[in-house]
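Next up, input-v1.txt (compact mmCIF, C-alpha atoms and all ligand atoms):
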# COMPACT_ATOMS: atom_id res chain seq x y z
CA MET A 229 16.53 54.99 31.19
CA ALA A 230 16.91 53.77 27.58
CA ARG A 231 16.04 50.30 26.33
CA PHE A 232 16.85 49.07 22.87
CA HIS A 233 17.20 45.95 20.80
CA ARG A 234 20.69 44.42 20.88
CA ALA A 235 21.05 44.50 17.08
CA HIS A 236 20.52 48.27 17.04
CA LEU A 237 23.28 48.80 19.61
CA GLN A 238 25.61 46.55 17.61
CA ARG A 239 24.91 48.55 14.44
CA LEU A 240 25.67 51.80 16.29
CA LEU A 241 28.96 50.41 17.60
CA LEU A 242 29.89 49.09 14.17
CA ASP A 243 29.18 52.44 12.50
CA SER A 244 31.38 54.18 15.10
CA LEU A 245 34.49 52.07 14.50
CA PRO A 246 37.44 54.08 13.16
CA ASP A 247 38.56 53.01 9.66
CA ARG A 248 41.89 51.74 10.97
CA VAL A 249 40.17 48.98 12.97
CA ASP A 250 40.42 45.63 11.21
CA LEU A 251 37.24 43.86 12.33
CA GLN A 252 37.25 40.11 11.74
CA LEU A 253 34.14 38.03 12.37
CA ARG A 254 33.80 34.27 12.90
CA LYS A 255 37.11 34.01 14.76
CA ARG A 256 36.63 31.74 17.79
CA ILE A 257 39.31 32.01 20.50
CA VAL A 258 40.49 28.62 21.73
CA SER A 259 43.73 29.49 23.55
CA VAL A 260 45.46 32.39 25.27
CA ARG A 261 49.09 32.59 26.36
CA VAL A 262 50.86 35.52 27.97
CA LYS A 263 54.48 35.54 26.83
CA SER A 264 57.14 35.63 29.51
CA SER A 265 60.17 37.18 27.93
CA SER A 266 63.10 39.20 29.20
CA SER A 267 63.07 41.26 26.01
CA ALA A 268 60.59 44.17 25.87
CA ALA A 269 60.30 43.66 22.11
CA ASP A 270 59.00 40.14 22.64
CA GLU A 271 56.28 40.68 25.24
CA GLY A 272 52.56 40.39 24.82
CA VAL A 273 49.77 37.90 24.56
CA VAL A 274 49.26 35.19 21.95
CA ILE A 275 45.66 34.41 21.02
CA GLY A 276 44.89 31.16 19.21
CA PHE A 277 41.80 30.73 17.03
CA GLN A 278 39.79 27.65 16.18
CA GLU A 279 40.90 27.53 12.54
CA GLY A 280 44.55 27.38 13.62
CA THR A 281 45.66 30.99 13.19
CA THR A 282 47.20 33.10 15.96
CA VAL A 283 47.45 36.80 16.72
CA GLU A 284 49.91 38.57 19.00
CA ALA A 285 48.74 41.63 20.91
CA ASP A 286 49.80 44.01 23.68
CA LEU A 287 46.47 43.68 25.45
CA LEU A 288 43.63 41.15 25.24
CA VAL A 289 40.17 42.41 26.15
CA GLY A 290 38.15 39.27 26.78
CA ALA A 291 34.53 40.23 26.13
CA ASP A 292 33.45 36.81 24.91
CA GLY A 293 30.38 36.32 27.03
CA ILE A 294 29.26 34.13 29.91
CA HIS A 295 31.03 31.01 28.54
CA SER A 296 34.23 33.01 27.97
CA ALA A 297 37.16 31.04 26.59
CA VAL A 298 39.46 33.84 27.79
CA ARG A 299 38.19 33.47 31.38
CA TRP A 300 38.58 29.70 31.14
CA ALA A 301 42.27 30.16 30.22
CA PHE A 302 42.93 31.97 33.52
CA VAL A 303 40.24 30.58 35.82
CA PRO A 304 39.83 27.00 34.61
CA GLY A 305 36.82 25.28 36.11
CA HIS A 306 34.82 28.48 36.57
CA ALA A 307 31.58 27.31 34.98
CA PRO A 308 28.30 29.18 35.43
CA ARG A 309 25.39 26.96 36.38
CA TRP A 310 21.72 27.00 35.34
CA THR A 311 19.64 28.63 38.11
CA GLY A 312 16.41 27.01 36.92
CA GLY A 313 15.36 30.38 35.49
CA ILE A 314 14.00 30.52 31.95
CA ALA A 315 13.12 33.66 30.01
CA LEU A 316 10.74 33.28 27.07
CA ARG A 317 11.60 36.45 25.18
CA SER A 318 10.75 38.19 21.95
CA THR A 319 11.17 41.57 20.31
CA PHE A 320 8.79 42.76 17.61
CA ASP A 321 7.28 45.82 15.99
CA VAL A 322 5.28 47.91 18.46
CA SER A 323 2.42 48.18 15.94
CA LEU A 324 1.43 44.61 16.92
CA VAL A 325 0.43 45.78 20.42
CA GLU A 326 -0.32 49.48 19.85
CA GLY A 327 -4.12 49.09 20.07
CA ILE A 328 -4.12 47.19 23.39
CA SER A 329 -6.13 48.87 26.12
CA GLY A 330 -3.89 49.99 29.00
CA LEU A 331 -0.67 49.59 26.97
CA PRO A 332 1.95 51.15 29.27
CA ASP A 333 4.22 53.95 28.08
CA ASP A 334 7.01 52.75 30.31
CA ALA A 335 8.33 49.31 31.21
CA VAL A 336 6.13 47.16 33.47
CA PHE A 337 7.21 44.25 35.63
CA TYR A 338 4.20 42.07 36.53
CA ALA A 339 5.21 39.99 39.57
CA GLY A 340 3.73 36.56 40.33
CA HIS A 341 4.42 33.77 42.79
CA ASP A 342 6.44 31.50 40.53
CA ARG A 343 6.66 33.57 37.33
CA ASN A 344 6.96 37.18 36.24
CA LEU A 345 6.25 39.08 33.07
CA PHE A 346 8.33 41.99 31.80
CA VAL A 347 7.07 44.21 28.97
CA SER A 348 8.60 47.35 27.56
CA ARG A 349 8.76 49.63 24.58
CA LEU A 350 12.22 49.65 23.01
CA GLY A 351 13.90 52.22 20.76
CA ARG A 352 13.12 52.30 17.04
CA ASN A 353 9.49 51.21 17.38
CA GLN A 354 10.24 47.84 18.93
CA PHE A 355 8.44 46.17 21.82
CA THR A 356 9.65 43.34 24.05
CA VAL A 357 7.77 40.70 26.02
CA ALA A 358 9.64 38.40 28.42
CA GLY A 359 7.97 35.67 30.46
CA LEU A 360 10.27 34.79 33.38
CA LEU A 361 9.75 31.29 34.77
CA GLN A 362 11.37 29.27 37.53
CA PHE A 363 12.01 25.51 37.51
CA ASP A 364 13.95 23.15 39.76
CA PRO A 365 17.49 23.10 38.27
CA ASP A 366 18.19 19.74 39.94
CA ASP A 367 15.15 17.93 38.56
CA PRO A 368 16.56 15.49 35.96
CA GLN A 369 13.16 15.32 34.23
CA GLY A 370 12.54 19.07 34.48
CA LEU A 371 11.06 21.07 31.64
CA PHE A 372 13.73 23.16 29.83
CA ARG A 373 16.55 21.12 31.35
CA GLY A 374 19.51 21.45 28.94
CA ALA A 375 17.74 24.24 27.03
CA LYS A 376 19.98 26.06 24.57
CA TRP A 377 20.34 29.86 24.54
CA ASN A 378 18.05 31.47 21.96
CA ALA A 379 16.36 28.17 20.99
CA GLU A 380 12.96 28.46 19.35
CA GLY A 381 10.20 28.55 21.97
CA ASP A 382 6.49 27.75 21.92
CA VAL A 383 4.42 30.92 21.99
CA THR A 384 1.25 29.00 22.94
CA GLN A 385 3.12 27.78 26.02
CA LEU A 386 4.04 31.39 26.87
CA ARG A 387 0.38 32.40 26.53
CA ALA A 388 -0.72 29.49 28.73
CA TYR A 389 1.64 30.58 31.54
CA PHE A 390 -0.07 33.98 31.74
CA LYS A 391 -3.64 33.10 30.77
CA ASP A 392 -5.15 34.13 34.13
CA TRP A 393 -3.18 37.35 34.52
CA HIS A 394 -4.16 41.02 34.31
CA PRO A 395 -6.09 41.73 31.05
CA THR A 396 -3.33 43.98 29.66
CA ALA A 397 -0.66 41.36 30.39
CA ARG A 398 -2.84 38.69 28.81
CA ALA A 399 -3.51 40.79 25.71
CA LEU A 400 0.23 41.42 25.33
CA VAL A 401 1.18 37.74 25.40
CA GLU A 402 -1.73 36.97 23.05
CA ALA A 403 -0.34 39.53 20.57
CA THR A 404 3.25 38.25 20.91
CA PRO A 405 4.07 36.62 17.54
CA TYR A 406 6.87 34.24 18.62
CA THR A 407 9.15 33.50 21.54
CA ARG A 408 12.68 32.23 22.12
CA VAL A 409 14.15 30.38 25.09
CA HIS A 410 16.88 31.92 27.26
CA PRO A 411 18.13 29.91 30.26
CA ASN A 412 19.52 31.98 33.11
CA LEU A 413 23.01 31.04 34.31
CA LEU A 414 24.97 32.24 37.31
CA GLY A 415 28.61 31.79 38.33
CA ALA A 416 30.72 32.69 41.35
CA PRO A 417 32.30 36.15 41.65
CA LEU A 418 35.84 36.33 40.29
CA GLU A 419 38.80 37.12 42.52
CA MET A 420 40.36 39.14 39.68
CA MET A 421 39.07 40.52 36.38
CA VAL A 422 42.63 41.07 35.07
CA PHE A 423 45.53 38.67 34.53
CA ASP A 424 49.29 38.88 34.07
CA GLY A 425 49.16 42.61 33.29
CA ARG A 426 47.95 41.78 29.76
CA VAL A 427 44.37 40.50 29.91
CA ALA A 428 41.09 42.03 31.11
CA LEU A 429 37.67 40.40 31.30
CA LEU A 430 34.73 42.62 30.42
CA GLY A 431 30.98 42.10 30.37
CA ASP A 432 29.59 38.64 31.08
CA ALA A 433 33.09 37.20 30.74
CA GLY A 434 34.10 39.13 33.89
CA HIS A 435 30.87 38.84 35.89
CA THR A 436 28.58 35.88 35.40
CA HIS A 437 25.42 37.39 36.86
CA GLY A 438 23.14 36.10 34.07
CA GLY A 439 19.93 38.06 33.59
CA ALA A 440 19.92 39.63 37.08
CA PHE A 441 18.24 43.05 37.10
CA ALA A 442 18.42 43.09 33.26
CA ALA A 443 21.62 45.05 33.83
CA GLY A 444 24.13 43.11 31.71
CA GLY A 445 24.17 45.48 28.76
CA SER A 446 24.85 48.60 30.80
CA LEU A 447 27.37 46.79 33.02
CA ALA A 448 29.33 45.69 29.95
CA ILE A 449 29.31 49.24 28.58
CA ASN A 450 30.48 50.59 31.95
CA ASP A 451 33.28 47.99 32.03
CA ALA A 452 34.48 49.23 28.64
CA HIS A 453 34.21 52.84 29.81
CA ALA A 454 36.26 52.09 32.94
CA LEU A 455 38.97 50.33 30.92
CA ALA A 456 39.12 53.24 28.45
CA LEU A 457 39.43 55.72 31.35
CA ALA A 458 42.18 53.63 32.94
CA LEU A 459 44.19 53.30 29.72
CA ALA A 460 43.83 57.01 28.95
CA HIS A 461 45.06 57.75 32.47
CA THR A 462 48.19 55.57 32.45
CA TRP A 463 48.95 55.77 28.73
CA PRO A 464 47.72 59.21 27.66
CA THR A 465 46.77 59.79 24.04
CA GLY A 466 49.72 61.22 22.19
CA ASP A 467 52.17 58.74 23.63
CA GLY A 468 53.18 57.22 20.31
CA GLY A 469 54.24 53.62 19.94
CA ARG A 470 53.13 50.72 22.09
CA PRO A 471 52.10 50.72 25.74
CA ASN A 472 54.78 49.33 28.03
CA ASN A 473 54.34 46.88 30.91
CA ARG A 474 53.83 49.64 33.46
CA HIS A 475 51.16 51.43 31.39
CA LEU A 476 49.20 48.21 31.03
CA ALA A 477 49.66 46.79 34.52
CA GLU A 478 48.58 50.06 36.15
CA ALA A 479 45.62 50.51 33.83
CA LEU A 480 44.40 46.97 34.47
CA ALA A 481 44.78 47.39 38.22
CA PHE A 482 42.73 50.63 38.13
CA PHE A 483 40.11 48.94 35.96
CA ASP A 484 39.85 45.96 38.30
CA ARG A 485 39.52 48.14 41.39
CA THR A 486 36.88 50.31 39.70
CA ARG A 487 34.66 47.49 38.49
CA ARG A 488 35.13 44.31 40.54
CA PRO A 489 33.58 45.45 43.87
CA HIS A 490 30.51 46.73 42.02
CA VAL A 491 29.89 43.69 39.80
CA ASN A 492 30.67 41.22 42.57
CA LYS A 493 28.12 42.91 44.83
CA LEU A 494 25.56 42.28 42.09
CA ILE A 495 26.53 38.61 41.84
CA GLU A 496 26.14 38.16 45.62
CA ILE A 497 22.63 39.64 45.48
CA ALA A 498 21.72 37.69 42.33
CA SER A 499 22.88 34.42 43.95
CA LYS A 500 20.72 35.02 47.00
CA GLN A 501 17.72 35.90 44.85
CA ALA A 502 18.22 32.80 42.70
CA LEU A 503 18.25 30.60 45.82
CA ASP A 504 15.10 32.30 47.13
CA ARG A 505 13.35 31.71 43.80
CA GLN A 506 14.36 28.04 43.82
CA ARG A 507 13.08 27.59 47.39
CA ARG A 508 9.78 29.28 46.56
CA SER A 509 9.36 27.17 43.47
CA GLN A 510 10.09 23.95 45.41
CA ALA A 511 7.62 25.00 48.16
CA SER A 512 4.87 26.01 45.74
CA GLY A 513 3.24 22.56 45.88
CA THR A 514 3.23 22.39 49.70
CA GLN A 515 3.40 25.82 51.27
CA ALA A 516 2.37 28.14 48.46
CA GLU A 517 3.10 31.86 48.80
CA SER A 518 -0.02 33.92 49.60
CA ASP A 519 -0.83 37.18 47.79
CA CYS A 520 -0.01 39.01 51.01
CA TRP A 521 3.50 37.44 51.08
CA LEU A 522 3.94 38.31 47.42
CA ARG A 523 3.19 42.00 48.10
CA GLU A 524 5.57 42.00 51.07
CA ARG A 525 8.30 40.30 49.04
CA VAL A 526 8.02 42.72 46.12
CA SER A 527 7.94 45.80 48.35
CA GLY A 528 10.98 44.45 50.23
CA LEU A 529 13.10 44.07 47.10
CA GLY A 530 15.04 47.15 48.08
CA ASP A 531 16.39 50.21 46.40
CA VAL A 532 18.39 49.49 43.25
CA ALA A 533 19.66 53.06 42.81
CA TRP A 534 23.17 51.78 43.69
CA LEU A 535 22.97 49.78 40.45
CA ALA A 536 20.79 51.85 38.13
CA GLU A 537 22.51 55.12 38.99
CA HIS A 538 26.03 53.87 39.43
CA ASP A 539 28.46 56.48 38.11
CA VAL A 540 31.52 54.74 36.70
CA GLU A 541 33.45 57.99 36.19
CA SER A 542 33.08 58.99 39.88
CA GLU A 543 34.07 55.49 40.91
CA PHE A 544 37.17 55.64 38.72
CA LYS A 545 38.13 59.07 40.11
CA ALA A 546 37.74 57.71 43.66
CA VAL A 547 40.02 54.79 42.80
CA ILE A 548 42.81 56.91 41.32
CA GLY A 549 42.30 59.48 44.12
CA SER A 550 42.85 56.83 46.79
CA GLU A 551 45.96 55.70 44.91
CA VAL A 552 47.43 59.23 45.06
CA THR A 553 46.67 59.67 48.78
CA THR A 554 48.13 56.28 49.75
CA MET A 555 51.36 56.83 47.81
C1 LIG B 601 17.45 35.54 30.55
C2 LIG B 601 18.31 36.76 30.38
C3 LIG B 601 17.73 38.01 30.18
C4 LIG B 601 18.53 39.16 30.05
N1 LIG B 601 17.95 40.36 29.84
C5 LIG B 601 18.71 41.47 29.74
C6 LIG B 601 18.12 42.75 29.52
O1 LIG B 601 16.91 42.88 29.40
N2 LIG B 601 18.95 43.82 29.45
C7 LIG B 601 20.31 43.71 29.58
O2 LIG B 601 21.02 44.72 29.51
N3 LIG B 601 20.88 42.51 29.76
C8 LIG B 601 20.12 41.40 29.84
N4 LIG B 601 20.71 40.19 30.02
C9 LIG B 601 22.16 40.12 30.13
C10 LIG B 601 22.84 40.39 28.80
O3 LIG B 601 22.36 39.51 27.80
C11 LIG B 601 24.35 40.19 28.95
O4 LIG B 601 24.79 40.67 30.20
C12 LIG B 601 25.09 40.95 27.85
O5 LIG B 601 24.74 40.42 26.59
C13 LIG B 601 26.59 40.81 28.06
O6 LIG B 601 27.27 41.34 26.95
P1 LIG B 601 28.69 40.77 26.57
O7 LIG B 601 29.13 41.58 25.39
O8 LIG B 601 29.55 40.69 27.76
O9 LIG B 601 28.45 39.25 26.12
P2 LIG B 601 27.61 38.67 24.90
O10 LIG B 601 26.50 39.57 24.53
O11 LIG B 601 27.30 37.26 25.27
O12 LIG B 601 28.66 38.69 23.69
C14 LIG B 601 29.77 37.83 23.69
C15 LIG B 601 30.34 37.79 22.28
O13 LIG B 601 31.52 36.99 22.30
C16 LIG B 601 31.47 36.07 21.22
N5 LIG B 601 32.22 34.86 21.63
C17 LIG B 601 31.83 33.88 22.46
N6 LIG B 601 32.80 32.96 22.60
C18 LIG B 601 33.83 33.39 21.82
C19 LIG B 601 35.13 32.87 21.55
N7 LIG B 601 35.57 31.72 22.08
N8 LIG B 601 35.92 33.57 20.71
C20 LIG B 601 35.51 34.75 20.15
N9 LIG B 601 34.29 35.28 20.38
C21 LIG B 601 33.46 34.60 21.21
C22 LIG B 601 29.99 35.79 21.00
O14 LIG B 601 29.77 35.33 19.68
C23 LIG B 601 29.39 37.18 21.24
O15 LIG B 601 29.45 37.95 20.08
C24 LIG B 601 19.94 39.03 30.13
C25 LIG B 601 20.52 37.78 30.31
C26 LIG B 601 19.71 36.65 30.45
C27 LIG B 601 20.36 35.32 30.70

Structure re-expressed in structure tokens:
Amino acid sequence: MARFHRAHLQRLLLDSLPDRVDLQLRKRIVSVRVKSSSSAADEGVVIGFQEGTTVEADLLVGADGIHSAVRWAFVPGHAPRWTGGIALRSTFDVSLVEGISGLPDDAVFYAGHDRNLFVSRLGRNQFTVAGLLQFDPDDPQGLFRGAKWNAEGDVTQLRAYFKDWHPTARALVEATPYTRVHPNLLGAPLEMMVFDGRVALLGDAGHTHGGAFAAGGSLAINDAHALALALAHTWPTGDGGRPNNRHLAEALAFFDRTRRPHVNKLIEIASKQALDRQRRSQASGTQAESDCWLRERVSGLGDVAWLAEHDVESEFKAVIGSEVTTM
């Protein structure tokens, strides 16, 4: 398994873009309209941007994150909600922790009753420390209520949360130079990840699972892979010109059938886990979890091979295979 800092992945993607791609930054989508026209020459999707410009396209890939404006255009009212989870996260040079006794080579998840700590080496000599905390999302006076994504956090607070923990964990939070606040949101599974044969939702836009299983990066990449496979299947390279309605509608249907069952299964599990965490946190003052319960809970978390080893290419082949046999 590979872990890396988001900025390094973005640089890699940027460096891989073909020259013909016209990348425009700071363009915020505010509206989306699929044209309904009887003329093939006048079909497509119109995307409106905040500064008043518009773009017309054959296909809109909405990969605009958990607060997706593209999703909102097709599923108005679908708003992810704060689970009460807060991650205090940072990424820094591994040299800051290199001398710590017991520094793990691989990632370690330290589990506690009402908080967890995740630490891991990342690619390119980076190291990450994430303190994962649970609060009551319905408490109007609650700490971190209304917290903004990536807001500056208080590293002394992070250290205080883990001051009685295992010596290696403690040394790691002591060496952590800063922290930033990341609230965890969760939304309902979508009934469709594609719309009107012209729009697909990818990544957090298409599945609002928040930080569950720290899987969002790989899920988003697999979404993109599935869409690329589907388009290559229905609109093979070499077909000059523009894709027609059939190419796009079939590709989007294959994409949706490849990805939606998988990501929605994750959301169902994440929702149940979020509720369990909230209940435990609310009960911590009255009926606190014993160490014995904690061990049982962690060992009962179940096998996540279905997620970590999910093979999107096999899934896609199964989807198009079932299409052929049912025709
Ligand atoms: C607490 C927490 C911890 C997590 N930890 C991990 C982890 O360890 N590993 C992991 O893989 N995942 C983790 N995740 C999940 C991960 O952050 C996301 O799943 C992943 O970033 C999704 O990628 P994305 O490209 O779909 O969306 P994003 O990374 O959110 O990117 C969306 C992009 O769309 C742009 N955008 C937004 N609105 C508009 C608009 N209206 N118009 C145009 N552009 C717009 C944004 O500027 C941004 O560039 C975590 C999530 C949380 C909440």

So which residues are near ligand LIG 601 (chain B), meaning at most 6 Å away with only C-alpha atoms and all ligand atoms counted, given back as a ChimeraX atom specification?
-> /A:255-258,291-294,296-297,315,410-412,431-433,438-439,442-446,448

Per residue of range 350-405 of chain A within 8 Å of range 490-509 of chain A, record the nearest atom pair and its distance in Å to one decimal, counting all atoms listed in the file, with rows in chain order and ascending residue number, as CSV.
residue,atom,partner,partner_atom,distance
A:Gln362,CA,A:Ser509,CA,6.6
A:Phe363,CA,A:Ser509,CA,6.7
A:Asp364,CA,A:Gln506,CA,6.4

Can you work out the spacing between CA of Leu324 in chain A and CA of Thr404 in chain A in Å, to one decimal?
-> 7.7 Å

Contacts of Asp392 in chain A at 12 Å (all atoms listed in the file; same-chain gap of 6+ positions) as a ChimeraX atom specification | /A:340,398-399,401-402

So which residues touch Asn353 in chain A within 8 Å, counting all atoms listed in the file, skipping near sequence neighbours fewer than 6 positions away, as a list in words?
->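 My list of contacting residues is Asp321, Val322 and Ser323 of chain A.
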
Atomic distance CA of Val383 in chain A - CA of Pro405 in chain A, expressed in Å with one decimal |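 Going from CA of Val383 in chain A over to CA of Pro405 in chain A, I get 7.2 Å.
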